[in-house]
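Undergrad: Dumping the structure here so I can ask a few things about it.
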Amino acid sequence: MKAPDFNLINAQTNEFVSLSDYQGKPVMITFWVSWCPDCQKDLPKKTNFYQTMDHDALAFLTINVTGREADAANGVEFMNNHELPFPVLKDNGTTTYDDYQCSGVPTTVILDQQHNIFDSFGDKASFYEIIRSLSMVMK
């Protein structure tokens, strides 16, 4: 299934980012919210991964699901307090979250080079499972 395109504001740069900006490159997207205990465990692992990954071989984006926050500013506050190094995009409410048929947070979606959805992981997936799937699209 082709991944839905999006055009969202990057909370760090205030510039619009589209999935189509990463044509020809596999993409890992993680949907999250600030109040979620599983997200609070997942994002530090993603931070470590992001700091060591090859940014030319993989695009890594996160999307703060503003429509599931008590206040849309909470995601930006969390991003700043935890110094998240990867791109943090702000969803338009739950539009992108819904387009990707997410049912909880965190949800991590792996896209292949043609931006087909290769795999999707919910809140109970281990980081190892995500990395193993990612390695299959980066061959």
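In the structure tokens, each chain is lettered A, B, ... as it comes, each chain's residues begin at 1, and ligands are numbered from 1 in order of appearance.
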Which residues come within 12 Å of Ser126 (chain A), counting only C-alpha atoms, excluding same-chain residues fewer than 2 positions away, as a ChimeraX atom specification?

TA: /A:38,41-42,45-46,106-108,120-124,128-133

Undergrad: Tell me which of A:Val65, A:Asp112, A:Leu58, A:Ser34 sits closest to Glu77 (chain A), counting only C-alpha atoms.

TA: A:Ser34

Undergrad: Using DSSP on the backbone coordinates, identify all residues within region 88-122 of chain A classified as helix (DSSP H, G or I); present the result as a PyMOL selection string.

TA: chain A and resi 95-99

Undergrad: Pick out the residues sitting within 8 Å of region 82-86 of chain A, and hand them over as a PyMOL selection string; count only C-alpha atoms, and ignore anything fewer than 4 positions along from it in its own chain.

TA: chain A and resi 47+50-51+60-62+78

Undergrad: Produce a file of the selected residues containing C-alpha atoms, as a CSV table (one decimal), in the first residue's frame.

TA:
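Saved the output as out_29.csv:
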chain,number,residue,atom,x,y,z
A,47,THR,CA,17.3,9.4,19.8
A,50,TYR,CA,19.1,8.7,15.1
A,51,GLN,CA,22.4,9.9,16.5
A,60,PHE,CA,13.7,9.4,10.1
A,61,LEU,CA,10.7,11.5,11.0
A,62,THR,CA,8.5,11.8,14.1
A,78,PHE,CA,8.4,17.9,25.4

Undergrad: Which is closer to Gly104 (chain A) than all the others in A:Asp54, A:Phe31, A:Pro37, A:Leu19, using only C-alpha atoms?

TA: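 Answer, going by the shortest atom-to-atom distance: A:Phe31.
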
Undergrad: Report as JSON, numbers by chain all protein, DNA and RNA residues lying within 8 Å of Ala57 (chain A), evaluated on only C-alpha atoms, omitting residues in the same chain fewer than 6 positions from it.

TA: {"A": [25, 26, 138]}

Undergrad: So which residues touch Ile63 (chain A) within 12 Å, counting only C-alpha atoms, skipping near sequence neighbours fewer than 3 positions away, as an mmCIF file with all heavy atoms, in the first residue's frame?

TA:
data_model
loop_
_atom_site.group_PDB
_atom_site.id
_atom_site.type_symbol
_atom_site.label_atom_id
_atom_site.label_comp_id
_atom_site.auth_asym_id
_atom_site.auth_seq_id
_atom_site.Cartn_x
_atom_site.Cartn_y
_atom_site.Cartn_z
ATOM 1 N N PHE A 6 2.046 13.769 3.068
ATOM 2 C CA PHE A 6 1.634 14.768 4.049
ATOM 3 C C PHE A 6 2.482 16.013 3.831
ATOM 4 O O PHE A 6 3.511 15.967 3.150
ATOM 5 C CB PHE A 6 1.781 14.247 5.485
ATOM 6 C CG PHE A 6 3.118 13.636 5.786
ATOM 7 C CD1 PHE A 6 4.244 14.410 6.023
ATOM 8 C CD2 PHE A 6 3.261 12.255 5.833
ATOM 9 C CE1 PHE A 6 5.474 13.837 6.299
ATOM 10 C CE2 PHE A 6 4.492 11.666 6.110
ATOM 11 C CZ PHE A 6 5.599 12.466 6.346
ATOM 12 N N ASN A 7 2.041 17.099 4.388
ATOM 13 C CA ASN A 7 2.759 18.358 4.341
ATOM 14 C C ASN A 7 2.566 19.006 5.705
ATOM 15 O O ASN A 7 1.534 19.630 5.960
ATOM 16 C CB ASN A 7 2.214 19.236 3.207
ATOM 17 C CG ASN A 7 3.115 20.423 2.920
ATOM 18 O OD1 ASN A 7 4.330 20.315 3.018
ATOM 19 N ND2 ASN A 7 2.522 21.549 2.562
ATOM 20 N N LEU A 8 3.536 18.787 6.596
ATOM 21 C CA LEU A 8 3.410 19.195 7.994
ATOM 22 C C LEU A 8 4.530 20.149 8.395
ATOM 23 O O LEU A 8 5.619 20.117 7.828
ATOM 24 C CB LEU A 8 3.443 17.957 8.902
ATOM 25 C CG LEU A 8 2.366 16.904 8.656
ATOM 26 C CD1 LEU A 8 2.632 15.667 9.508
ATOM 27 C CD2 LEU A 8 0.981 17.473 8.933
ATOM 28 N N ILE A 9 4.262 20.947 9.408
ATOM 29 C CA ILE A 9 5.250 21.897 9.924
ATOM 30 C C ILE A 9 6.260 21.166 10.808
ATOM 31 O O ILE A 9 5.880 20.393 11.689
ATOM 32 C CB ILE A 9 4.550 23.002 10.758
ATOM 33 C CG1 ILE A 9 3.722 23.902 9.872
ATOM 34 C CG2 ILE A 9 5.553 23.808 11.568
ATOM 35 C CD1 ILE A 9 4.486 24.971 9.145
ATOM 36 N N ASN A 10 7.546 21.421 10.563
ATOM 37 C CA ASN A 10 8.615 20.931 11.426
ATOM 38 C C ASN A 10 8.669 21.866 12.635
ATOM 39 O O ASN A 10 8.865 23.078 12.477
ATOM 40 C CB ASN A 10 9.942 20.944 10.661
ATOM 41 C CG ASN A 10 11.096 20.433 11.486
ATOM 42 O OD1 ASN A 10 11.192 20.677 12.685
ATOM 43 N ND2 ASN A 10 12.010 19.735 10.835
ATOM 44 N N ALA A 11 8.482 21.320 13.839
ATOM 45 C CA ALA A 11 8.429 22.130 15.056
ATOM 46 C C ALA A 11 9.760 22.817 15.359
ATOM 47 O O ALA A 11 9.788 23.826 16.068
ATOM 48 C CB ALA A 11 8.013 21.263 16.240
ATOM 49 N N VAL A 17 7.364 20.124 5.739
ATOM 50 C CA VAL A 17 8.045 18.891 5.327
ATOM 51 C C VAL A 17 6.991 17.975 4.725
ATOM 52 O O VAL A 17 5.915 17.785 5.312
ATOM 53 C CB VAL A 17 8.726 18.205 6.530
ATOM 54 C CG1 VAL A 17 9.303 16.852 6.139
ATOM 55 C CG2 VAL A 17 9.797 19.104 7.128
ATOM 56 N N SER A 18 7.301 17.418 3.569
ATOM 57 C CA SER A 18 6.415 16.466 2.903
ATOM 58 C C SER A 18 7.114 15.124 2.793
ATOM 59 O O SER A 18 8.344 15.077 2.677
ATOM 60 C CB SER A 18 6.074 16.946 1.493
ATOM 61 O OG SER A 18 5.352 18.139 1.541
ATOM 62 N N LEU A 19 6.344 14.068 2.785
ATOM 63 C CA LEU A 19 6.916 12.747 2.554
ATOM 64 C C LEU A 19 7.630 12.730 1.205
ATOM 65 O O LEU A 19 8.706 12.155 1.060
ATOM 66 C CB LEU A 19 5.832 11.674 2.617
ATOM 67 C CG LEU A 19 6.284 10.250 2.326
ATOM 68 C CD1 LEU A 19 7.361 9.807 3.316
ATOM 69 C CD2 LEU A 19 5.093 9.306 2.361
ATOM 70 N N MET A 28 11.416 6.031 8.072
ATOM 71 C CA MET A 28 10.829 5.529 9.308
ATOM 72 C C MET A 28 10.101 6.700 9.957
ATOM 73 O O MET A 28 10.690 7.764 10.150
ATOM 74 C CB MET A 28 11.893 4.976 10.255
ATOM 75 C CG MET A 28 11.305 4.427 11.542
ATOM 76 S SD MET A 28 12.476 3.458 12.531
ATOM 77 C CE MET A 28 13.453 4.743 13.292
ATOM 78 N N ILE A 29 8.820 6.490 10.252
ATOM 79 C CA ILE A 29 7.994 7.528 10.873
ATOM 80 C C ILE A 29 7.487 6.996 12.206
ATOM 81 O O ILE A 29 6.959 5.883 12.271
ATOM 82 C CB ILE A 29 6.769 7.872 9.991
ATOM 83 C CG1 ILE A 29 7.210 8.308 8.592
ATOM 84 C CG2 ILE A 29 5.917 8.950 10.661
ATOM 85 C CD1 ILE A 29 6.064 8.398 7.597
ATOM 86 N N THR A 30 7.633 7.793 13.259
ATOM 87 C CA THR A 30 7.074 7.427 14.555
ATOM 88 C C THR A 30 6.066 8.490 14.976
ATOM 89 O O THR A 30 6.391 9.675 15.031
ATOM 90 C CB THR A 30 8.174 7.286 15.629
ATOM 91 O OG1 THR A 30 9.024 6.199 15.270
ATOM 92 C CG2 THR A 30 7.574 7.010 17.008
ATOM 93 N N PHE A 31 4.842 8.049 15.250
ATOM 94 C CA PHE A 31 3.782 8.913 15.771
ATOM 95 C C PHE A 31 3.829 8.837 17.298
ATOM 96 O O PHE A 31 3.925 7.745 17.864
ATOM 97 C CB PHE A 31 2.414 8.422 15.289
ATOM 98 C CG PHE A 31 2.212 8.562 13.810
ATOM 99 C CD1 PHE A 31 2.621 7.563 12.932
ATOM 100 C CD2 PHE A 31 1.611 9.699 13.281
ATOM 101 C CE1 PHE A 31 2.435 7.688 11.560
ATOM 102 C CE2 PHE A 31 1.416 9.831 11.914
ATOM 103 C CZ PHE A 31 1.833 8.824 11.051
ATOM 104 N N TRP A 32 3.732 9.991 17.973
ATOM 105 C CA TRP A 32 3.855 10.012 19.435
ATOM 106 C C TRP A 32 3.086 11.183 20.043
ATOM 107 O O TRP A 32 2.709 12.119 19.349
ATOM 108 C CB TRP A 32 5.325 10.077 19.851
ATOM 109 C CG TRP A 32 6.027 11.346 19.406
ATOM 110 C CD1 TRP A 32 6.598 11.571 18.184
ATOM 111 C CD2 TRP A 32 6.205 12.539 20.156
ATOM 112 N NE1 TRP A 32 7.112 12.839 18.139
ATOM 113 C CE2 TRP A 32 6.898 13.455 19.335
ATOM 114 C CE3 TRP A 32 5.855 12.923 21.450
ATOM 115 C CZ2 TRP A 32 7.239 14.737 19.767
ATOM 116 C CZ3 TRP A 32 6.198 14.208 21.883
ATOM 117 C CH2 TRP A 32 6.885 15.086 21.048
ATOM 118 N N VAL A 33 2.893 11.094 21.359
ATOM 119 C CA VAL A 33 2.342 12.193 22.158
ATOM 120 C C VAL A 33 3.156 12.300 23.444
ATOM 121 O O VAL A 33 3.773 11.328 23.894
ATOM 122 C CB VAL A 33 0.841 12.006 22.486
ATOM 123 C CG1 VAL A 33 -0.010 12.113 21.234
ATOM 124 C CG2 VAL A 33 0.593 10.706 23.202
ATOM 125 N N SER A 34 3.147 13.483 24.044
ATOM 126 C CA SER A 34 4.016 13.763 25.194
ATOM 127 C C SER A 34 3.616 13.017 26.463
ATOM 128 O O SER A 34 4.473 12.676 27.275
ATOM 129 C CB SER A 34 4.039 15.268 25.474
ATOM 130 O OG SER A 34 2.744 15.728 25.813
ATOM 131 N N CYS A 39 5.614 6.098 24.785
ATOM 132 C CA CYS A 39 6.356 7.047 23.941
ATOM 133 C C CYS A 39 7.582 7.567 24.697
ATOM 134 O O CYS A 39 8.659 7.724 24.115
ATOM 135 C CB CYS A 39 5.474 8.229 23.549
ATOM 136 S SG CYS A 39 4.071 7.808 22.493
ATOM 137 N N LEU A 43 11.075 7.103 22.687
ATOM 138 C CA LEU A 43 11.798 8.224 22.076
ATOM 139 C C LEU A 43 13.283 8.283 22.447
ATOM 140 O O LEU A 43 14.103 8.607 21.585
ATOM 141 C CB LEU A 43 11.080 9.543 22.363
ATOM 142 C CG LEU A 43 9.738 9.686 21.616
ATOM 143 C CD1 LEU A 43 8.973 10.914 22.101
ATOM 144 C CD2 LEU A 43 9.925 9.727 20.116
ATOM 145 N N PHE A 60 14.366 9.691 8.840
ATOM 146 C CA PHE A 60 13.694 9.367 10.094
ATOM 147 C C PHE A 60 12.922 10.592 10.549
ATOM 148 O O PHE A 60 13.501 11.648 10.788
ATOM 149 C CB PHE A 60 14.706 8.923 11.151
ATOM 150 C CG PHE A 60 14.092 8.677 12.499
ATOM 151 C CD1 PHE A 60 12.902 7.970 12.612
ATOM 152 C CD2 PHE A 60 14.680 9.143 13.649
ATOM 153 C CE1 PHE A 60 12.319 7.745 13.854
ATOM 154 C CE2 PHE A 60 14.110 8.916 14.897
ATOM 155 C CZ PHE A 60 12.933 8.225 14.992
ATOM 156 N N THR A 66 -0.868 16.124 17.516
ATOM 157 C CA THR A 66 -1.362 17.261 18.298
ATOM 158 C C THR A 66 -2.815 17.085 18.728
ATOM 159 O O THR A 66 -3.204 17.565 19.791
ATOM 160 C CB THR A 66 -1.207 18.574 17.514
ATOM 161 O OG1 THR A 66 -1.942 18.472 16.285
ATOM 162 C CG2 THR A 66 0.253 18.860 17.213
ATOM 163 N N GLY A 67 -3.588 16.370 17.935
ATOM 164 C CA GLY A 67 -4.996 16.146 18.270
ATOM 165 C C GLY A 67 -5.212 15.200 19.435
ATOM 166 O O GLY A 67 -6.330 15.089 19.934
ATOM 167 N N ARG A 68 -4.148 14.536 19.888
ATOM 168 C CA ARG A 68 -4.256 13.651 21.055
ATOM 169 C C ARG A 68 -3.549 14.246 22.269
ATOM 170 O O ARG A 68 -3.461 13.608 23.314
ATOM 171 C CB ARG A 68 -3.682 12.266 20.729
ATOM 172 C CG ARG A 68 -4.538 11.565 19.652
ATOM 173 C CD ARG A 68 -4.363 10.088 19.614
ATOM 174 N NE ARG A 68 -4.606 9.480 20.916
ATOM 175 C CZ ARG A 68 -4.158 8.272 21.268
ATOM 176 N NH1 ARG A 68 -3.459 7.555 20.418
ATOM 177 N NH2 ARG A 68 -4.411 7.769 22.444
ATOM 178 N N GLY A 75 3.578 18.977 22.925
ATOM 179 C CA GLY A 75 4.553 18.242 22.131
ATOM 180 C C GLY A 75 5.822 19.035 21.910
ATOM 181 O O GLY A 75 6.927 18.501 22.024
ATOM 182 N N VAL A 76 5.684 20.329 21.628
ATOM 183 C CA VAL A 76 6.853 21.194 21.419
ATOM 184 C C VAL A 76 7.625 21.339 22.732
ATOM 185 O O VAL A 76 8.856 21.279 22.746
ATOM 186 C CB VAL A 76 6.427 22.572 20.864
ATOM 187 C CG1 VAL A 76 7.599 23.541 20.819
ATOM 188 C CG2 VAL A 76 5.792 22.413 19.491
ATOM 189 N N MET A 79 9.511 18.146 23.248
ATOM 190 C CA MET A 79 10.625 18.112 22.297
ATOM 191 C C MET A 79 11.788 18.962 22.823
ATOM 192 O O MET A 79 12.945 18.526 22.812
ATOM 193 C CB MET A 79 10.154 18.650 20.946
ATOM 194 C CG MET A 79 11.237 18.848 19.920
ATOM 195 S SD MET A 79 10.650 19.816 18.500
ATOM 196 C CE MET A 79 10.697 21.478 19.180
ATOM 197 N N PHE A 86 15.889 14.588 16.190
ATOM 198 C CA PHE A 86 15.321 14.235 14.897
ATOM 199 C C PHE A 86 14.183 15.194 14.563
ATOM 200 O O PHE A 86 13.654 15.877 15.435
ATOM 201 C CB PHE A 86 14.824 12.790 14.894
ATOM 202 C CG PHE A 86 14.207 12.359 16.195
ATOM 203 C CD1 PHE A 86 12.959 12.827 16.593
ATOM 204 C CD2 PHE A 86 14.888 11.492 17.037
ATOM 205 C CE1 PHE A 86 12.398 12.446 17.799
ATOM 206 C CE2 PHE A 86 14.335 11.096 18.249
ATOM 207 C CZ PHE A 86 13.087 11.580 18.617
ATOM 208 N N PRO A 87 13.796 15.247 13.282
ATOM 209 C CA PRO A 87 12.683 16.111 12.906
ATOM 210 C C PRO A 87 11.395 15.726 13.634
ATOM 211 O O PRO A 87 11.023 14.560 13.686
ATOM 212 C CB PRO A 87 12.540 15.888 11.398
ATOM 213 C CG PRO A 87 13.883 15.404 10.954
ATOM 214 C CD PRO A 87 14.408 14.603 12.108
ATOM 215 N N VAL A 88 10.758 16.734 14.217
ATOM 216 C CA VAL A 88 9.471 16.563 14.888
ATOM 217 C C VAL A 88 8.447 17.375 14.098
ATOM 218 O O VAL A 88 8.503 18.600 14.086
ATOM 219 C CB VAL A 88 9.520 17.043 16.355
ATOM 220 C CG1 VAL A 88 8.128 16.973 16.989
ATOM 221 C CG2 VAL A 88 10.525 16.227 17.163
ATOM 222 N N LEU A 89 7.555 16.657 13.434
ATOM 223 C CA LEU A 89 6.512 17.302 12.659
ATOM 224 C C LEU A 89 5.238 17.366 13.494
ATOM 225 O O LEU A 89 4.983 16.487 14.318
ATOM 226 C CB LEU A 89 6.254 16.530 11.362
ATOM 227 C CG LEU A 89 7.487 16.172 10.539
ATOM 228 C CD1 LEU A 89 7.080 15.452 9.266
ATOM 229 C CD2 LEU A 89 8.321 17.407 10.231
ATOM 230 N N LYS A 90 4.462 18.410 13.289
ATOM 231 C CA LYS A 90 3.213 18.575 14.037
ATOM 232 C C LYS A 90 2.046 18.169 13.145
ATOM 233 O O LYS A 90 1.819 18.770 12.099
ATOM 234 C CB LYS A 90 3.053 20.023 14.494
ATOM 235 C CG LYS A 90 4.147 20.451 15.462
ATOM 236 C CD LYS A 90 3.878 21.800 16.099
ATOM 237 C CE LYS A 90 3.939 22.927 15.098
ATOM 238 N NZ LYS A 90 3.799 24.250 15.746
ATOM 239 N N ASP A 91 1.326 17.130 13.574
ATOM 240 C CA ASP A 91 0.156 16.672 12.830
ATOM 241 C C ASP A 91 -0.923 17.754 12.882
ATOM 242 O O ASP A 91 -0.980 18.547 13.824
ATOM 243 C CB ASP A 91 -0.372 15.368 13.439
ATOM 244 C CG ASP A 91 -1.258 14.568 12.489
ATOM 245 O OD1 ASP A 91 -1.569 15.066 11.389
ATOM 246 O OD2 ASP A 91 -1.628 13.440 12.858
ATOM 247 N N ASN A 92 -1.758 17.776 11.869
ATOM 248 C CA ASN A 92 -2.942 18.647 11.876
ATOM 249 C C ASN A 92 -4.023 17.908 12.640
ATOM 250 O O ASN A 92 -4.804 17.162 12.044
ATOM 251 C CB ASN A 92 -3.398 18.952 10.441
ATOM 252 C CG ASN A 92 -2.377 19.758 9.681
ATOM 253 O OD1 ASN A 92 -1.796 20.695 10.226
ATOM 254 N ND2 ASN A 92 -2.125 19.396 8.440
ATOM 255 N N GLY A 93 -4.032 18.058 13.957
ATOM 256 C CA GLY A 93 -4.954 17.295 14.797
ATOM 257 C C GLY A 93 -4.551 15.834 14.770
ATOM 258 O O GLY A 93 -3.490 15.468 15.273
ATOM 259 N N THR A 94 -5.387 15.004 14.125
ATOM 260 C CA THR A 94 -5.051 13.581 13.969
ATOM 261 C C THR A 94 -5.101 13.176 12.488
ATOM 262 O O THR A 94 -5.203 11.986 12.174
ATOM 263 C CB THR A 94 -6.017 12.674 14.771
ATOM 264 O OG1 THR A 94 -7.347 12.858 14.285
ATOM 265 C CG2 THR A 94 -5.963 12.960 16.267
ATOM 266 N N THR A 95 -5.009 14.129 11.591
ATOM 267 C CA THR A 95 -5.180 13.853 10.161
ATOM 268 C C THR A 95 -4.199 12.811 9.643
ATOM 269 O O THR A 95 -4.598 11.806 9.039
ATOM 270 C CB THR A 95 -5.057 15.151 9.340
ATOM 271 O OG1 THR A 95 -6.019 16.086 9.823
ATOM 272 C CG2 THR A 95 -5.284 14.899 7.865
ATOM 273 N N THR A 96 -2.907 13.034 9.852
ATOM 274 C CA THR A 96 -1.895 12.106 9.332
ATOM 275 C C THR A 96 -1.948 10.791 10.103
ATOM 276 O O THR A 96 -1.848 9.714 9.507
ATOM 277 C CB THR A 96 -0.496 12.739 9.394
ATOM 278 O OG1 THR A 96 -0.557 14.052 8.806
ATOM 279 C CG2 THR A 96 0.526 11.907 8.659
ATOM 280 N N TYR A 97 -2.109 10.882 11.403
ATOM 281 C CA TYR A 97 -2.281 9.705 12.266
ATOM 282 C C TYR A 97 -3.409 8.824 11.727
ATOM 283 O O TYR A 97 -3.258 7.609 11.586
ATOM 284 C CB TYR A 97 -2.568 10.219 13.678
ATOM 285 C CG TYR A 97 -2.887 9.207 14.741
ATOM 286 C CD1 TYR A 97 -1.870 8.542 15.413
ATOM 287 C CD2 TYR A 97 -4.202 8.960 15.119
ATOM 288 C CE1 TYR A 97 -2.166 7.644 16.436
ATOM 289 C CE2 TYR A 97 -4.505 8.069 16.131
ATOM 290 C CZ TYR A 97 -3.474 7.411 16.784
ATOM 291 O OH TYR A 97 -3.762 6.525 17.796
ATOM 292 N N TYR A 100 -2.674 7.152 8.290
ATOM 293 C CA TYR A 100 -1.807 5.984 8.420
ATOM 294 C C TYR A 100 -2.470 4.869 9.225
ATOM 295 O O TYR A 100 -1.834 3.877 9.568
ATOM 296 C CB TYR A 100 -0.456 6.386 9.027
ATOM 297 C CG TYR A 100 0.474 6.955 7.985
ATOM 298 C CD1 TYR A 100 0.311 8.247 7.509
ATOM 299 C CD2 TYR A 100 1.505 6.187 7.454
ATOM 300 C CE1 TYR A 100 1.152 8.771 6.538
ATOM 301 C CE2 TYR A 100 2.355 6.696 6.486
ATOM 302 C CZ TYR A 100 2.169 7.985 6.031
ATOM 303 O OH TYR A 100 2.999 8.496 5.059
ATOM 304 N N CYS A 102 -3.387 4.556 12.284
ATOM 305 C CA CYS A 102 -2.808 4.262 13.599
ATOM 306 C C CYS A 102 -3.932 4.037 14.602
ATOM 307 O O CYS A 102 -4.993 4.653 14.514
ATOM 308 C CB CYS A 102 -1.950 5.432 14.074
ATOM 309 S SG CYS A 102 -0.566 5.825 12.991
ATOM 310 N N VAL A 105 -0.392 5.052 20.275
ATOM 311 C CA VAL A 105 0.948 5.640 20.241
ATOM 312 C C VAL A 105 1.836 4.927 21.249
ATOM 313 O O VAL A 105 1.336 4.468 22.273
ATOM 314 C CB VAL A 105 0.908 7.164 20.542
ATOM 315 C CG1 VAL A 105 0.381 7.946 19.368
ATOM 316 C CG2 VAL A 105 0.116 7.472 21.797
ATOM 317 N N PRO A 106 3.116 4.793 20.963
ATOM 318 C CA PRO A 106 3.727 5.149 19.687
ATOM 319 C C PRO A 106 3.369 4.135 18.597
ATOM 320 O O PRO A 106 3.139 2.973 18.872
ATOM 321 C CB PRO A 106 5.225 5.086 19.991
ATOM 322 C CG PRO A 106 5.350 4.054 21.074
ATOM 323 C CD PRO A 106 4.095 4.212 21.900
ATOM 324 N N THR A 107 3.322 4.621 17.389
ATOM 325 C CA THR A 107 3.221 3.770 16.203
ATOM 326 C C THR A 107 4.400 4.122 15.310
ATOM 327 O O THR A 107 4.642 5.301 15.049
ATOM 328 C CB THR A 107 1.901 3.995 15.440
ATOM 329 O OG1 THR A 107 0.809 3.563 16.253
ATOM 330 C CG2 THR A 107 1.890 3.212 14.132
ATOM 331 N N THR A 108 5.128 3.107 14.882
ATOM 332 C CA THR A 108 6.249 3.311 13.973
ATOM 333 C C THR A 108 5.929 2.626 12.654
ATOM 334 O O THR A 108 5.537 1.468 12.632
ATOM 335 C CB THR A 108 7.560 2.754 14.574
ATOM 336 O OG1 THR A 108 7.845 3.482 15.780
ATOM 337 C CG2 THR A 108 8.723 2.909 13.610
ATOM 338 N N VAL A 109 6.086 3.385 11.568
ATOM 339 C CA VAL A 109 5.774 2.894 10.229
ATOM 340 C C VAL A 109 7.056 2.916 9.406
ATOM 341 O O VAL A 109 7.771 3.917 9.390
ATOM 342 C CB VAL A 109 4.689 3.772 9.555
ATOM 343 C CG1 VAL A 109 4.354 3.247 8.175
ATOM 344 C CG2 VAL A 109 3.440 3.847 10.427
#

Undergrad: Please extract the residues of chain A with a backbone DSSP assignment of strand (DSSP E or B) and present them as a PyMOL selection string.

TA: chain A and resi 2+7-10+16-18+27-32+59-64+88-90+107-111+116-121

Undergrad: Find, counting only C-alpha atoms, the residue in A:Val27, A:Asn80, A:Ser103, A:Asn74 that gets nearest to Val137 (chain A).

TA: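 With only C-alpha atoms as the atom set, the closest residue is A:Val27.
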
Undergrad: Could you work out how far CA of Ser135 (chain A) lies from CA of Ile110 (chain A), giving the answer in Å with one decimal?

TA: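 The value is 10.2 Å.
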
Undergrad: In Å, rounded to a single decimal, give me how far CA of Asp71 (chain A) is from CA of Ala59 (chain A).

TA: 27.8 Å
